[in-house]
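Peer 1: Got a structure for you, written out below as structure tokens; questions coming shortly.
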Amino acid sequence: MVMDQELVKAVTTDHNFRVLLLNGQSVVETARLSHHLTKTTTTVLGRGLLATLLLASSVLKGTEGLTVRLNGQGPVGGMLIDADAHGTVKGYLQHGQVELPFLANGDVDVASAVGTDGFLEVLKTQGNLDPYTSTVPLVTGQIGSDFAYYLAKSEQINSAVGVSVVLDEHGQVKTAGGYLIQTLPDADNTAIAALEERLPRLPSIATMLTTATDPVKLAAMLLPDEPVKVLSQEQVAFACDCSKAQFAQSLAGLSSSELRQLITEDHGAEVVCHFCGARYQFSATELQQILAEKGKL
Ligand SMILES: [Zn+2]
């Protein structure tokens with residue numbers, strides 16, 4: 001079984017842990033190209049997208065969705081990410097063009113880029129029920145541990161979350177991946193202690209993905225003493241559901257005088273989708289139609 005752009009759900013057969021493994025190379029590379037991101041912001045937004053996919057996959061069902069807002073007051077600004085329960089994610093950073101000095105080992109300085117003076121907010125939409133929001137302060141600005149803190153505080157799920165991105169010298173995404181290891185209620189304390197001791201000493205999951213893409217092998221690197229059983233796997237994608245019709249509705253929300261100004265002074269309008277970078281052009285004639293429809297309401 002090869003892990004190619006997939007999210008794999010597994011359990012250890014001794015019922016100690018539930019494991020999610022994510023190969024998100026194409027998700028992060030698509031985000032990089034869509035938003036023209038730098039090395040710094042590819043890594044930061046990439047980690048956010050991967051962590052949100054893992055979170056969505058572990059807490060959502062059916063048609064539920066979630067929106068993550070993360071802002072640590074750092075130079076990249078805030079991050080807004082949407083994900084559903086089926087492996088689709090989209091999102092953007094406020095300042096996608098920021099590039100910061102790299103750490104001595106060549107890595108992106110994620111914590112400095114994100115900042116630590118801020119919050120992680122998760123809004124869950126659940127069909128017709130009112131959306132549910134929960135917010136926690138950021139603990140490290142490294143994103144993985146911030147999501148683990150959210151899971152512990154807001155969902156009462158004890159977990160370890162690791163997300164990472166490896167870039168080539170041109171800034172293209174070589175590998176990107178994540179894991180979420182959840183401690184099950186009857187987990188053995190010795191096994192938990194062994195995991196806590198091992199995880200900080202392992203290479204990042206994106207580094208592991210440069211040599212192994214088989215989820216069972218990856219799980220064996222993370223949990224060498226635990227037999228793992230794969231339960232399911234699904235594709236993941238960076239994708240947006242925006243459309244020109246949707247932005248026509250937003251334009252209809254402008255006042256008549258604002259629309260007239262766009263028609264007479266700008267002779268049209270260009271609207272950009274923040275989530276995916278898609279650009280939609282509206283000609284003066286199309287804006288006239290929107291204005292005319294508005295008049296009928
Ligand atoms: Zn879009």
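Identifiers in this document derive from the order of the structure tokens: chains are assigned A, B, ..., residues are numbered from 1 separately in each chain, and ligands are numbered from 1 in order of occurrence.
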Any residue with an atom at most 8 Å from ligand 1 counts, using only C-alpha atoms and all ligand atoms. Which are they? Put them as a list of chain:residue names.

Peer 2: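 Protein and nucleic-acid residues within 8 Å of ligand 1: A:Ala239, A:Cys240, A:Asp241, A:Cys242, A:Ser243, A:Val272, A:Cys273, A:His274, A:Phe275, A:Cys276, A:Gly277, A:Ala278.
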
Peer 1: For the strand (DSSP E or B) assignment from backbone DSSP, which residues of region 131-278 of chain A qualify? Please present them as JSON, numbers by chain.

Peer 2: {"A": [132, 133, 134, 135, 136, 137, 159, 160, 161, 162, 163, 164, 165, 166, 167, 173, 174, 175, 176, 177, 178, 179, 180, 181, 182, 183, 228, 229, 230, 231, 232, 233, 234, 235, 237, 238, 268, 269, 270, 271, 272]}

Peer 1: Put those residues in a file: N, CA and C atoms, as a CSV table (one decimal), in the first residue's frame.

Peer 2:
chain,number,residue,atom,x,y,z
A,132,TYR,N,-20.2,26.1,16.5
A,132,TYR,CA,-19.6,26.0,17.8
A,132,TYR,C,-18.2,26.5,17.7
A,133,THR,N,-17.8,27.5,18.6
A,133,THR,CA,-16.5,28.1,18.5
A,133,THR,C,-15.7,27.8,19.8
A,134,SER,N,-14.4,27.5,19.6
A,134,SER,CA,-13.6,27.4,20.8
A,134,SER,C,-12.2,28.0,20.5
A,135,THR,N,-11.7,28.7,21.5
A,135,THR,CA,-10.4,29.4,21.3
A,135,THR,C,-9.4,29.0,22.4
A,136,VAL,N,-8.2,28.8,22.0
A,136,VAL,CA,-7.1,28.6,23.0
A,136,VAL,C,-6.0,29.5,22.7
A,137,PRO,N,-5.2,29.9,23.7
A,137,PRO,CA,-4.0,30.7,23.4
A,137,PRO,C,-2.9,29.8,22.7
A,159,SER,N,-3.3,14.1,22.6
A,159,SER,CA,-2.6,13.7,21.3
A,159,SER,C,-1.3,14.3,21.2
A,160,ALA,N,-0.5,13.8,20.2
A,160,ALA,CA,0.7,14.5,19.7
A,160,ALA,C,0.4,14.8,18.3
A,161,VAL,N,0.7,16.0,17.9
A,161,VAL,CA,0.5,16.4,16.5
A,161,VAL,C,1.8,16.9,15.9
A,162,GLY,N,2.2,16.3,14.8
A,162,GLY,CA,3.5,16.8,14.2
A,162,GLY,C,3.1,17.1,12.7
A,163,VAL,N,3.5,18.3,12.3
A,163,VAL,CA,3.3,18.7,10.9
A,163,VAL,C,4.6,19.4,10.4
A,164,SER,N,5.0,19.1,9.2
A,164,SER,CA,6.2,19.6,8.6
A,164,SER,C,6.3,19.6,7.1
A,165,VAL,N,7.1,20.5,6.6
A,165,VAL,CA,7.2,20.7,5.2
A,165,VAL,C,8.7,20.8,4.8
A,166,VAL,N,9.1,20.1,3.8
A,166,VAL,CA,10.5,20.1,3.3
A,166,VAL,C,10.5,20.7,1.9
A,167,LEU,N,11.3,21.8,1.7
A,167,LEU,CA,11.3,22.5,0.4
A,167,LEU,C,12.6,22.2,-0.3
A,173,VAL,N,7.8,22.4,-2.9
A,173,VAL,CA,7.5,21.5,-1.8
A,173,VAL,C,8.0,20.1,-2.2
A,174,LYS,N,9.0,19.6,-1.5
A,174,LYS,CA,9.5,18.3,-1.8
A,174,LYS,C,8.7,17.2,-1.1
A,175,THR,N,8.5,17.4,0.2
A,175,THR,CA,7.6,16.5,1.0
A,175,THR,C,6.8,17.4,2.0
A,176,ALA,N,5.7,17.0,2.4
A,176,ALA,CA,4.9,17.6,3.4
A,176,ALA,C,4.0,16.6,4.1
A,177,GLY,N,4.0,16.6,5.4
A,177,GLY,CA,3.2,15.6,6.0
A,177,GLY,C,2.9,15.9,7.4
A,178,GLY,N,2.1,15.0,8.0
A,178,GLY,CA,1.7,15.2,9.4
A,178,GLY,C,1.2,13.9,10.0
A,179,TYR,N,1.3,13.9,11.3
A,179,TYR,CA,0.7,12.8,12.1
A,179,TYR,C,-0.1,13.3,13.2
A,180,LEU,N,-1.1,12.6,13.6
A,180,LEU,CA,-1.8,12.9,14.9
A,180,LEU,C,-2.0,11.5,15.6
A,181,ILE,N,-1.3,11.4,16.7
A,181,ILE,CA,-1.4,10.2,17.5
A,181,ILE,C,-2.2,10.5,18.7
A,182,GLN,N,-3.3,9.8,18.8
A,182,GLN,CA,-4.3,10.1,19.9
A,182,GLN,C,-4.2,9.0,20.9
A,183,THR,N,-4.1,9.3,22.2
A,183,THR,CA,-4.1,8.3,23.2
A,183,THR,C,-5.5,7.8,23.5
A,228,VAL,N,0.4,-2.0,14.1
A,228,VAL,CA,-0.5,-1.1,13.6
A,228,VAL,C,-1.5,-1.7,12.6
A,229,LYS,N,-2.7,-1.4,12.6
A,229,LYS,CA,-3.7,-1.9,11.7
A,229,LYS,C,-4.3,-0.7,10.9
A,230,VAL,N,-4.2,-0.7,9.6
A,230,VAL,CA,-4.8,0.4,8.8
A,230,VAL,C,-6.3,0.2,8.7
A,231,LEU,N,-7.1,1.3,9.0
A,231,LEU,CA,-8.5,1.2,9.0
A,231,LEU,C,-9.1,1.7,7.7
A,232,SER,N,-8.5,2.9,7.2
A,232,SER,CA,-9.1,3.5,6.0
A,232,SER,C,-8.1,4.5,5.5
A,233,GLN,N,-8.2,4.8,4.2
A,233,GLN,CA,-7.4,5.9,3.6
A,233,GLN,C,-8.2,6.6,2.6
A,234,GLU,N,-7.9,7.9,2.5
A,234,GLU,CA,-8.7,8.7,1.6
A,234,GLU,C,-7.7,9.8,1.0
A,235,GLN,N,-8.2,10.3,-0.2
A,235,GLN,CA,-7.4,11.4,-0.9
A,235,GLN,C,-7.6,12.7,-0.1
A,237,ALA,N,-7.0,17.1,-0.7
A,237,ALA,CA,-6.8,18.1,-1.8
A,237,ALA,C,-6.9,19.5,-1.3
A,238,PHE,N,-6.1,20.4,-1.8
A,238,PHE,CA,-6.3,21.8,-1.6
A,238,PHE,C,-7.3,22.3,-2.8
A,268,GLY,N,-15.4,48.3,-14.9
A,268,GLY,CA,-15.4,46.9,-14.6
A,268,GLY,C,-14.8,46.7,-13.2
A,269,ALA,N,-14.7,45.4,-12.8
A,269,ALA,CA,-14.1,45.1,-11.5
A,269,ALA,C,-13.4,43.7,-11.6
A,270,GLU,N,-12.4,43.6,-10.8
A,270,GLU,CA,-11.7,42.3,-10.6
A,270,GLU,C,-11.9,41.9,-9.2
A,271,VAL,N,-12.4,40.7,-9.0
A,271,VAL,CA,-12.5,40.2,-7.6
A,271,VAL,C,-11.6,39.0,-7.4
A,272,VAL,N,-10.9,39.0,-6.3
A,272,VAL,CA,-9.9,37.9,-6.0
A,272,VAL,C,-10.4,37.1,-4.9

Peer 1: Which residues come within 12 Å of Thr30 (chain A), counting only C-alpha atoms, excluding same-chain residues fewer than 2 positions away, as a ChimeraX atom specification?

Peer 2: /A:24-28,32-37,42,45-46,49,89-92,172-173,176,236-240,275-277

Peer 1: Mind checking which residues fall within 8 Å of region 51-65 of chain A, counting only C-alpha atoms, ignoring those fewer than 2 positions away in the same chain, and posting them as an MDAnalysis selection string?

Peer 2: chainID A and resid 20 22 47:49 67:68 81:89 124:127 143:144 147 161:163 178:180

Peer 1: Could you please write out, as an MDAnalysis selection string, every residue of region 11-257 of chain A that DSSP assigns to helix (DSSP H, G or I)?

Peer 2: chainID A and resid 25:35 39:59 110:114 144:154 189:201 205:209 215:222 244:252 256:257

Peer 1: May I ask which of the residues A:Gln249, A:Ser112, A:Gln156, A:Gln289 is the closest one to Val44 (chain A), counting only C-alpha atoms?

Peer 2: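 Going through A:Gln249, A:Ser112, A:Gln156, A:Gln289 one by one, the smallest distance to Val44 (chain A) is for A:Ser112.
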
Peer 1: Please, what distance in Å, to one decimal, runs between CA of Glu258 (chain A) and CA of Tyr280 (chain A)?

Peer 2: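 Computed distance, CA of Glu258 (chain A) to CA of Tyr280 (chain A), equals 18.1 Å.
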
Peer 1: Please, what distance in Å, to one decimal, runs between CA of Ala187 (chain A) and CA of Phe17 (chain A)?

Peer 2: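 About the pair CA of Ala187 (chain A) and CA of Phe17 (chain A): they are 6.9 Å apart.
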
Peer 1: Might you pull out every residue within 12 Å of Asp266 (chain A), with only C-alpha atoms counted and same-chain residues fewer than 2 positions away left off, and present them as a list in words?

Peer 2: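 These residues fall inside the cut-off: Glu258, Leu259, Arg260, Gln261, Leu262, Ile263, Thr264, Gly268, Ala269, Glu270, Gln281, Phe282, Ser283, Ala284 and Leu287 of chain A.
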
Peer 1: Using only C-alpha atoms, please write the residues we just selected to a file, as a PDB file, in the first residue's frame.

Peer 2:
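Writing the result to out.pdb gives the following:
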ATOM      1  CA  GLU A 258     -20.489  52.060  -5.216  1.00  0.00           C
ATOM      2  CA  LEU A 259     -21.534  49.919  -8.187  1.00  0.00           C
ATOM      3  CA  ARG A 260     -22.076  53.002 -10.373  1.00  0.00           C
ATOM      4  CA  GLN A 261     -18.599  54.202  -9.426  1.00  0.00           C
ATOM      5  CA  LEU A 262     -17.078  50.852 -10.508  1.00  0.00           C
ATOM      6  CA  ILE A 263     -18.945  51.118 -13.824  1.00  0.00           C
ATOM      7  CA  THR A 264     -18.175  54.746 -14.683  1.00  0.00           C
ATOM      8  CA  GLY A 268     -15.397  46.901 -14.561  1.00  0.00           C
ATOM      9  CA  ALA A 269     -14.126  45.091 -11.510  1.00  0.00           C
ATOM     10  CA  GLU A 270     -11.750  42.289 -10.644  1.00  0.00           C
ATOM     11  CA  GLN A 281     -13.382  39.730 -14.033  1.00  0.00           C
ATOM     12  CA  PHE A 282     -16.661  41.626 -14.221  1.00  0.00           C
ATOM     13  CA  SER A 283     -17.152  43.875 -17.261  1.00  0.00           C
ATOM     14  CA  ALA A 284     -19.020  47.176 -17.034  1.00  0.00           C
ATOM     15  CA  LEU A 287     -21.902  45.253 -13.377  1.00  0.00           C
TER      16      LEU A 287
END

Peer 1: Please compute the CA of Thr43 (chain A)-CA of Ala152 (chain A) distance, one decimal, in Å.

Peer 2: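 So the answer is 24.4 Å.
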
Peer 1: Which of these residues is nearest to Thr213 (chain A), using only C-alpha atoms: A:Asn23, A:Thr12, A:Gln142, A:Glu196?

Peer 2: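 For Thr213 (chain A), the nearest of the given residues is A:Asn23.
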
Peer 1: Contacts of region 98-109 of chain A at 8 Å or less, counting only C-alpha atoms, minus same-chain residues fewer than 6 places along, as a list in words?

Peer 2: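 Returned residues: Thr38, Lys39, Thr40, Thr41, Thr43, Pro75 and Val76 of chain A.
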
Peer 1: Would you output that residue set with N, CA and C atoms, as an mmCIF file, in the first residue's frame?

Peer 2:
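So the final result, stored in part14.cif, reads:
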data_model
loop_
_atom_site.group_PDB
_atom_site.id
_atom_site.type_symbol
_atom_site.label_atom_id
_atom_site.label_comp_id
_atom_site.auth_asym_id
_atom_site.auth_seq_id
_atom_site.Cartn_x
_atom_site.Cartn_y
_atom_site.Cartn_z
ATOM 1 N N THR A 38 6.250 32.450 -0.356
ATOM 2 C CA THR A 38 7.702 32.380 -0.175
ATOM 3 C C THR A 38 8.039 31.066 0.548
ATOM 4 N N LYS A 39 9.326 30.841 0.789
ATOM 5 C CA LYS A 39 9.708 29.645 1.554
ATOM 6 C C LYS A 39 9.107 29.702 2.964
ATOM 7 N N THR A 40 9.195 30.887 3.571
ATOM 8 C CA THR A 40 8.658 31.038 4.937
ATOM 9 C C THR A 40 7.155 30.772 4.964
ATOM 10 N N THR A 41 6.429 31.426 4.049
ATOM 11 C CA THR A 41 4.970 31.325 4.150
ATOM 12 C C THR A 41 4.444 29.991 3.608
ATOM 13 N N THR A 43 5.929 27.207 4.279
ATOM 14 C CA THR A 43 6.087 26.342 5.440
ATOM 15 C C THR A 43 5.011 26.620 6.496
ATOM 16 N N PRO A 75 5.033 38.343 11.867
ATOM 17 C CA PRO A 75 5.072 39.038 10.569
ATOM 18 C C PRO A 75 4.188 38.436 9.473
ATOM 19 N N VAL A 76 3.850 37.149 9.533
ATOM 20 C CA VAL A 76 2.987 36.596 8.476
ATOM 21 C C VAL A 76 1.518 36.934 8.703
#
